[in-house]
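Novice: entry_3.txt (compact mmCIF, C-alpha atoms) pasted underneath:
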```
# COMPACT_ATOMS: atom_id res chain seq x y z
CA MET A 59 -3.50 -6.27 15.81
CA LYS A 60 -1.04 -3.55 14.85
CA ILE A 61 -0.61 -0.49 17.06
CA PHE A 62 0.05 2.82 15.31
CA PRO A 63 1.19 5.61 17.64
CA ALA A 64 0.24 8.93 16.07
CA ILE A 65 1.95 12.23 15.49
CA ASP A 66 -0.09 15.10 14.09
CA LEU A 67 2.05 17.86 12.64
CA ARG A 68 1.31 21.56 12.52
CA ASP A 69 4.05 24.12 11.97
CA GLY A 70 6.55 21.32 12.57
CA LYS A 71 5.24 20.61 16.07
CA VAL A 72 3.50 17.62 17.65
CA VAL A 73 -0.12 18.63 18.24
CA ARG A 74 -3.58 17.17 18.76
CA LEU A 75 -6.91 18.65 17.72
CA LEU A 76 -10.23 18.13 19.46
CA LYS A 77 -12.71 16.56 17.03
CA GLY A 78 -10.79 18.00 14.09
CA ASP A 79 -11.18 21.62 15.23
CA TYR A 80 -8.07 23.62 14.31
CA ASP A 81 -9.05 26.22 16.91
CA LYS A 82 -8.92 23.58 19.65
CA MET A 83 -5.30 22.52 19.35
CA THR A 84 -2.91 21.36 22.05
CA VAL A 85 0.85 21.33 21.45
CA TYR A 86 2.49 18.24 22.96
CA GLY A 87 6.03 18.69 21.73
CA GLU A 88 8.42 20.75 19.65
CA ASP A 89 10.41 17.78 18.34
CA PRO A 90 8.49 15.11 16.39
CA LEU A 91 11.60 12.95 15.92
CA ALA A 92 12.18 12.77 19.68
CA ALA A 93 8.57 11.66 20.14
CA ALA A 94 8.94 9.02 17.42
CA LYS A 95 12.12 7.63 18.99
CA LYS A 96 10.28 7.24 22.30
CA PHE A 97 7.62 5.24 20.49
CA ALA A 98 10.31 3.06 18.90
CA ALA A 99 11.92 2.49 22.30
CA ALA A 100 8.55 1.29 23.62
CA GLY A 101 8.45 -1.40 20.94
CA ALA A 102 6.48 0.30 18.17
CA GLU A 103 6.96 -0.84 14.59
CA PHE A 104 4.78 1.76 12.86
CA LEU A 105 4.19 5.51 13.04
CA HIS A 106 1.04 7.22 11.82
CA VAL A 107 1.68 10.83 10.78
CA VAL A 108 -0.84 13.44 9.70
CA ASP A 109 0.21 16.74 8.16
CA LEU A 110 -2.60 18.96 9.41
CA ASP A 111 -1.35 21.95 7.43
CA GLY A 112 -1.30 19.84 4.26
CA ALA A 113 -4.75 18.42 4.94
CA LYS A 114 -6.25 21.89 4.72
CA ASP A 115 -4.39 23.32 1.74
CA GLY A 116 -3.18 20.29 -0.23
CA GLU A 117 0.49 21.22 0.07
CA THR A 118 3.39 19.49 1.91
CA PRO A 119 4.70 22.15 4.33
CA ASN A 120 5.99 19.54 6.79
CA PHE A 121 7.77 17.43 4.19
CA GLU A 122 11.25 17.78 5.69
CA THR A 123 9.95 16.73 9.10
CA VAL A 124 8.27 13.67 7.61
CA LYS A 125 11.46 12.83 5.71
CA ARG A 126 13.45 12.87 8.96
CA LEU A 127 10.87 10.68 10.66
CA ALA A 128 11.02 8.15 7.82
CA GLN A 129 14.82 8.07 7.69
CA GLU A 130 15.80 8.45 11.34
CA SER A 131 13.05 7.12 13.62
CA GLY A 132 13.53 3.43 12.88
CA LEU A 133 9.76 3.12 12.35
CA LYS A 134 7.63 2.33 9.32
CA VAL A 135 6.08 5.73 8.68
CA GLU A 136 2.73 6.25 7.02
CA ILE A 137 1.74 9.81 6.12
CA GLY A 138 -1.58 11.44 5.32
CA GLY A 139 -2.71 15.00 4.79
CA GLY A 140 -2.65 16.91 1.52
CA ILE A 141 -1.66 14.01 -0.74
CA ARG A 142 -3.68 14.76 -3.86
CA ASP A 143 -1.45 13.95 -6.82
CA GLU A 144 1.01 11.29 -7.94
CA GLU A 145 3.98 13.64 -7.70
CA THR A 146 3.41 13.98 -3.96
CA ILE A 147 2.99 10.21 -3.57
CA LYS A 148 6.33 9.60 -5.30
CA LYS A 149 7.99 12.39 -3.33
CA TYR A 150 7.14 10.69 -0.05
CA LEU A 151 7.86 7.13 -1.18
CA ASP A 152 11.23 8.19 -2.60
CA VAL A 153 12.46 9.40 0.81
CA GLY A 154 11.55 6.18 2.57
CA VAL A 155 7.95 6.62 3.69
CA TYR A 156 6.39 3.18 4.14
CA ARG A 157 2.88 4.08 3.00
CA VAL A 158 0.96 7.16 1.90
CA ILE A 159 -2.65 7.77 2.88
CA LEU A 160 -5.08 9.34 0.45
CA GLY A 161 -8.03 11.24 1.86
CA THR A 162 -9.85 14.06 0.09
CA ILE A 163 -8.73 12.91 -3.35
CA ALA A 164 -10.45 9.53 -2.85
CA VAL A 165 -13.76 11.40 -2.77
CA LYS A 166 -12.93 14.08 -5.32
CA ASP A 167 -11.21 11.89 -7.92
CA PRO A 168 -12.05 8.18 -7.55
CA GLU A 169 -10.52 7.39 -10.97
CA PHE A 170 -7.13 8.75 -9.88
CA THR A 171 -7.42 6.85 -6.61
CA SER A 172 -8.20 3.60 -8.40
CA ARG A 173 -5.22 4.09 -10.74
CA VAL A 174 -2.64 4.72 -8.00
CA ILE A 175 -3.97 1.83 -5.91
CA SER A 176 -3.40 -0.39 -8.94
CA LYS A 177 0.07 1.06 -9.54
CA TYR A 178 1.47 1.23 -5.99
CA GLY A 179 -0.45 -1.57 -4.30
CA SER A 180 -0.08 -1.86 -0.54
CA ARG A 181 1.94 1.36 -0.35
CA ILE A 182 -1.34 3.23 -0.79
CA ALA A 183 -3.91 3.37 2.01
CA VAL A 184 -7.05 5.48 2.12
CA GLY A 185 -8.22 7.48 5.09
CA VAL A 186 -11.99 7.56 5.45
CA ASP A 187 -12.97 10.24 7.96
CA ILE A 188 -16.58 10.04 9.04
CA SER A 189 -18.96 12.71 10.26
CA GLY A 190 -22.27 11.01 11.02
CA ARG A 191 -22.43 8.45 8.21
CA ASN A 192 -20.80 10.64 5.55
CA VAL A 193 -17.20 11.23 4.57
CA ALA A 194 -15.49 14.48 5.60
CA ILE A 195 -12.82 16.06 3.39
CA HIS A 196 -10.37 19.00 3.26
CA GLY A 197 -9.00 18.46 6.75
CA TRP A 198 -12.48 17.70 8.10
CA THR A 199 -13.65 21.21 7.19
CA GLU A 200 -16.29 19.94 4.73
CA VAL A 201 -18.69 16.97 4.79
CA SER A 202 -19.31 15.34 1.41
CA GLU A 203 -22.46 13.59 0.20
CA ILE A 204 -20.61 10.27 -0.03
CA SER A 205 -21.60 7.72 2.62
CA VAL A 206 -19.17 5.48 4.44
CA ASP A 207 -20.67 2.41 2.76
CA GLU A 208 -20.40 3.92 -0.71
CA ILE A 209 -16.72 4.70 -0.36
CA PHE A 210 -15.84 1.41 1.37
CA ALA A 211 -17.55 -0.56 -1.41
CA LYS A 212 -15.78 1.42 -4.14
CA LEU A 213 -12.35 1.14 -2.51
CA CYS A 214 -12.73 -2.60 -1.98
CA GLN A 215 -13.72 -2.93 -5.63
CA ASP A 216 -10.54 -1.01 -6.55
CA GLY A 217 -8.42 -3.43 -4.52
CA VAL A 218 -7.25 -1.13 -1.74
CA SER A 219 -5.35 -3.08 0.92
CA CYS A 220 -5.95 -0.85 3.93
CA ILE A 221 -8.53 1.71 5.02
CA ILE A 222 -7.92 3.96 8.01
CA CYS A 223 -11.31 4.93 9.37
CA THR A 224 -11.76 7.83 11.78
CA ASP A 225 -14.93 8.79 13.60
CA ILE A 226 -14.38 12.54 13.90
CA SER A 227 -16.84 12.90 16.77
CA LYS A 228 -14.59 10.69 18.89
CA ASP A 229 -11.21 12.07 17.86
CA GLY A 230 -9.25 13.62 20.70
CA ALA A 231 -12.27 13.56 23.01
CA MET A 232 -10.96 10.75 25.26
CA GLU A 233 -14.46 9.29 25.44
CA GLY A 234 -13.73 5.93 23.87
CA THR A 235 -13.77 4.78 20.28
CA ASN A 236 -16.77 3.84 18.14
CA ARG A 237 -16.61 0.09 18.67
CA GLN A 238 -19.94 -0.56 16.97
CA LEU A 239 -18.75 1.14 13.78
CA TYR A 240 -15.56 -0.90 13.55
CA GLN A 241 -17.34 -4.14 14.34
CA GLU A 242 -19.80 -3.43 11.54
CA LEU A 243 -17.14 -2.46 8.99
CA SER A 244 -14.81 -5.35 9.82
CA GLU A 245 -17.65 -7.85 9.34
CA LYS A 246 -18.85 -6.26 6.12
CA TYR A 247 -15.73 -5.44 4.10
CA PRO A 248 -12.76 -7.67 3.12
CA VAL A 249 -10.03 -5.11 3.76
CA GLU A 250 -7.53 -4.29 6.48
CA ILE A 251 -9.25 -1.73 8.71
CA VAL A 252 -7.35 0.56 11.05
CA ALA A 253 -9.49 2.14 13.75
CA SER A 254 -8.77 5.77 14.53
CA GLY A 255 -10.40 8.35 16.76
CA GLY A 256 -11.04 8.09 20.47
CA VAL A 257 -8.89 5.05 21.29
CA SER A 258 -8.39 6.22 24.86
CA SER A 259 -8.09 3.16 27.12
CA MET A 260 -6.77 -0.37 27.20
CA GLY A 261 -10.41 -1.41 27.09
CA ASP A 262 -10.66 0.11 23.62
CA VAL A 263 -7.48 -1.65 22.52
CA LEU A 264 -8.68 -5.03 23.78
CA ALA A 265 -12.16 -4.61 22.28
CA LEU A 266 -10.73 -3.78 18.85
CA ARG A 267 -8.33 -6.70 19.08
CA GLU A 268 -11.18 -9.09 19.83
CA MET A 269 -13.11 -8.00 16.72
CA SER A 270 -10.04 -8.73 14.57
CA VAL A 271 -9.55 -5.17 13.39
CA TYR A 272 -6.19 -4.96 11.59
CA GLY A 273 -4.86 -1.99 13.53
CA ALA A 274 -5.54 0.81 15.98
CA ILE A 275 -4.19 4.34 15.95
CA ILE A 276 -3.48 5.83 19.37
CA GLY A 277 -2.90 9.55 19.65
CA LYS A 278 -3.88 11.77 22.53
CA ALA A 279 -4.07 8.91 25.05
CA LEU A 280 -0.33 8.34 24.65
CA TYR A 281 0.46 11.98 25.39
CA THR A 282 -1.84 12.16 28.42
CA GLY A 283 -0.57 8.85 29.81
CA ASP A 284 -3.97 7.15 29.68
CA ILE A 285 -2.47 4.38 27.55
CA ASP A 286 1.02 2.95 28.00
CA LEU A 287 2.32 2.21 24.52
CA ALA A 288 4.51 -0.73 25.51
CA GLU A 289 1.58 -2.38 27.31
CA ALA A 290 -0.77 -1.72 24.39
CA ILE A 291 1.65 -3.38 21.99
CA VAL A 292 1.98 -6.45 24.23
CA GLN A 293 -1.80 -6.72 24.73
CA SER A 294 -2.48 -6.30 21.02
CA LYS A 295 -0.47 -9.46 20.36
CA GLU A 296 -1.89 -11.61 23.15
CA ALA A 297 -4.59 -13.10 20.95
CA ASP A 298 -1.94 -14.37 18.54
CA LYS A 299 -0.32 -16.63 21.13
```
Render the structure in this file as structure tokens.
Specialist:
Amino acid sequence: MKIFPAIDLRDGKVVRLLKGDYDKMTVYGEDPLAAAKKFAAAGAEFLHVVDLDGAKDGETPNFETVKRLAQESGLKVEIGGGIRDEETIKKYLDVGVYRVILGTIAVKDPEFTSRVISKYGSRIAVGVDISGRNVAIHGWTEVSEISVDEIFAKLCQDGVSCIICTDISKDGAMEGTNRQLYQELSEKYPVEIVASGGVSSMGDVLALREMSVYGAIIGKALYTGDIDLAEAIVQSKEADK
């Protein structure tokens, strides 16, 4: 199982929100690149980045920060938040981003999403953020009428290689992740699934590993010290030995 340490960006800073609430934000650092280099030193291969400003308004206000992370951290950087057209996809890929994550646009324009998945292959992932059993969009500020099963089925039909699935109710709450959800999705859909939201203990990491989930995103628990990244990376590989 792959471990994705997470950096959420707002105004160029490393932050975390509680359950997607922009009014409940904690700043964990002023220098995202320094945080990323610490992750690399702990043995990380990947970095999950969310542009929270972009997620709300569909722009790329933290582009230069993401560019530095992609070019200087030594990590394979994936970026989500505000990516709603092909120009933005190309802009990120051209500066060395490993993979871009589509979110709102996958609900709003499934034809576009299908086309870019076909064109860019594994360099496109889709973030499915869940509130209840429906998909949230626009930086989690709106809940659509599309169910998690509807969008998973459509994306698998389109040939998406990876879906990053977040249970918003668990995100940043340090109450554990939704293991039942990821077990269900991993058994039902033939796609790489990355679990996100509430991964707050080694117990969560081990449980996700045992259900053969492709990856786990760890955010707040790294900043609070509840999960040691180096240990999580070692434990995530134990089943492969």
Novice: Segment 199-214 of chain A: which residues within 9 Å, counting all atoms listed in the file, same-chain residues fewer than 4 positions away excluded, as a list in words?
Specialist: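 These residues fall inside the cut-off: Gly78, Asp79, Lys114, Ala164, Val165, Pro168, Thr171, Ser172, Val184, Val186, Asp187, Ile188, Ser189, Arg191, Asn192, Val193, Ala194, Ile195, Val218, Ser219, Ile221, Leu243, Tyr247, Pro248 and Val249 of chain A.
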Novice: Give me, as an NGL selection string, all polymer residues having an atom no more than 9 Å from Gly140 of chain A, counting only C-alpha atoms and skipping those fewer than 4 positions away in the same chain.
Specialist: :A and (109-118 or 146 or 160-163 or 196-197)
Novice: Which value, in Å to one decimal, gives the distance between atom CA of Asp152 of chain A and atom CA of Pro90 of chain A?
Specialist: 20.4 Å
Novice: Could you make a table, as CSV, of the residues of segment 80-101 of chain A that have an atom within 10 Å of an atom of segment 127-139 of chain A, each with its nearest atom pair and distance in Å to one decimal, counting all atoms listed in the file, in chain and number order?
Specialist:
```
residue,atom,partner,partner_atom,distance
A:Pro90,CA,A:Leu127,CA,7.6
A:Leu91,CA,A:Leu127,CA,5.8
A:Ala92,CA,A:Ser131,CA,8.3
A:Ala93,CA,A:Ser131,CA,9.1
A:Ala94,CA,A:Ser131,CA,5.9
A:Lys95,CA,A:Ser131,CA,5.5
A:Lys96,CA,A:Ser131,CA,9.1
A:Phe97,CA,A:Leu133,CA,8.7
A:Ala98,CA,A:Leu133,CA,6.6
A:Ala99,CA,A:Gly132,CA,9.6
A:Gly101,CA,A:Leu133,CA,9.8
```
Novice: In terms of the shortest atom-to-atom distance over all atoms listed in the file, which of A:Val108, A:Cys220, A:Ala265, A:Ile61 is closest to Leu280 of chain A?
Specialist: A:Ile61
Novice: I want to know what sits within 10 Å of Arg173 of chain A, based on all atoms listed in the file, with residues of the same chain fewer than 6 positions away left out; could you give that as an mmCIF file with C-alpha atoms, in the coordinates of the input?
Specialist:
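part.cif, freshly written:
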```
data_model
loop_
_atom_site.group_PDB
_atom_site.id
_atom_site.type_symbol
_atom_site.label_atom_id
_atom_site.label_comp_id
_atom_site.auth_asym_id
_atom_site.auth_seq_id
_atom_site.Cartn_x
_atom_site.Cartn_y
_atom_site.Cartn_z
ATOM 1 C CA GLU A 144 1.010 11.290 -7.940
ATOM 2 C CA GLY A 179 -0.450 -1.570 -4.300
ATOM 3 C CA ASP A 216 -10.540 -1.010 -6.550
#
```
Novice: Distance atom CA of Ala290 of chain A-atom CA of Met260 of chain A, one decimal place?
Specialist: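 Atom-to-atom, atom CA of Ala290 of chain A to atom CA of Met260 of chain A, that is 6.8 Å.
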Novice: Quick one: distance from atom CA of Leu239 of chain A to atom CA of Trp198 of chain A in Å, one decimal?
Specialist: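 Distance reported for this atom pair: 18.6 Å.
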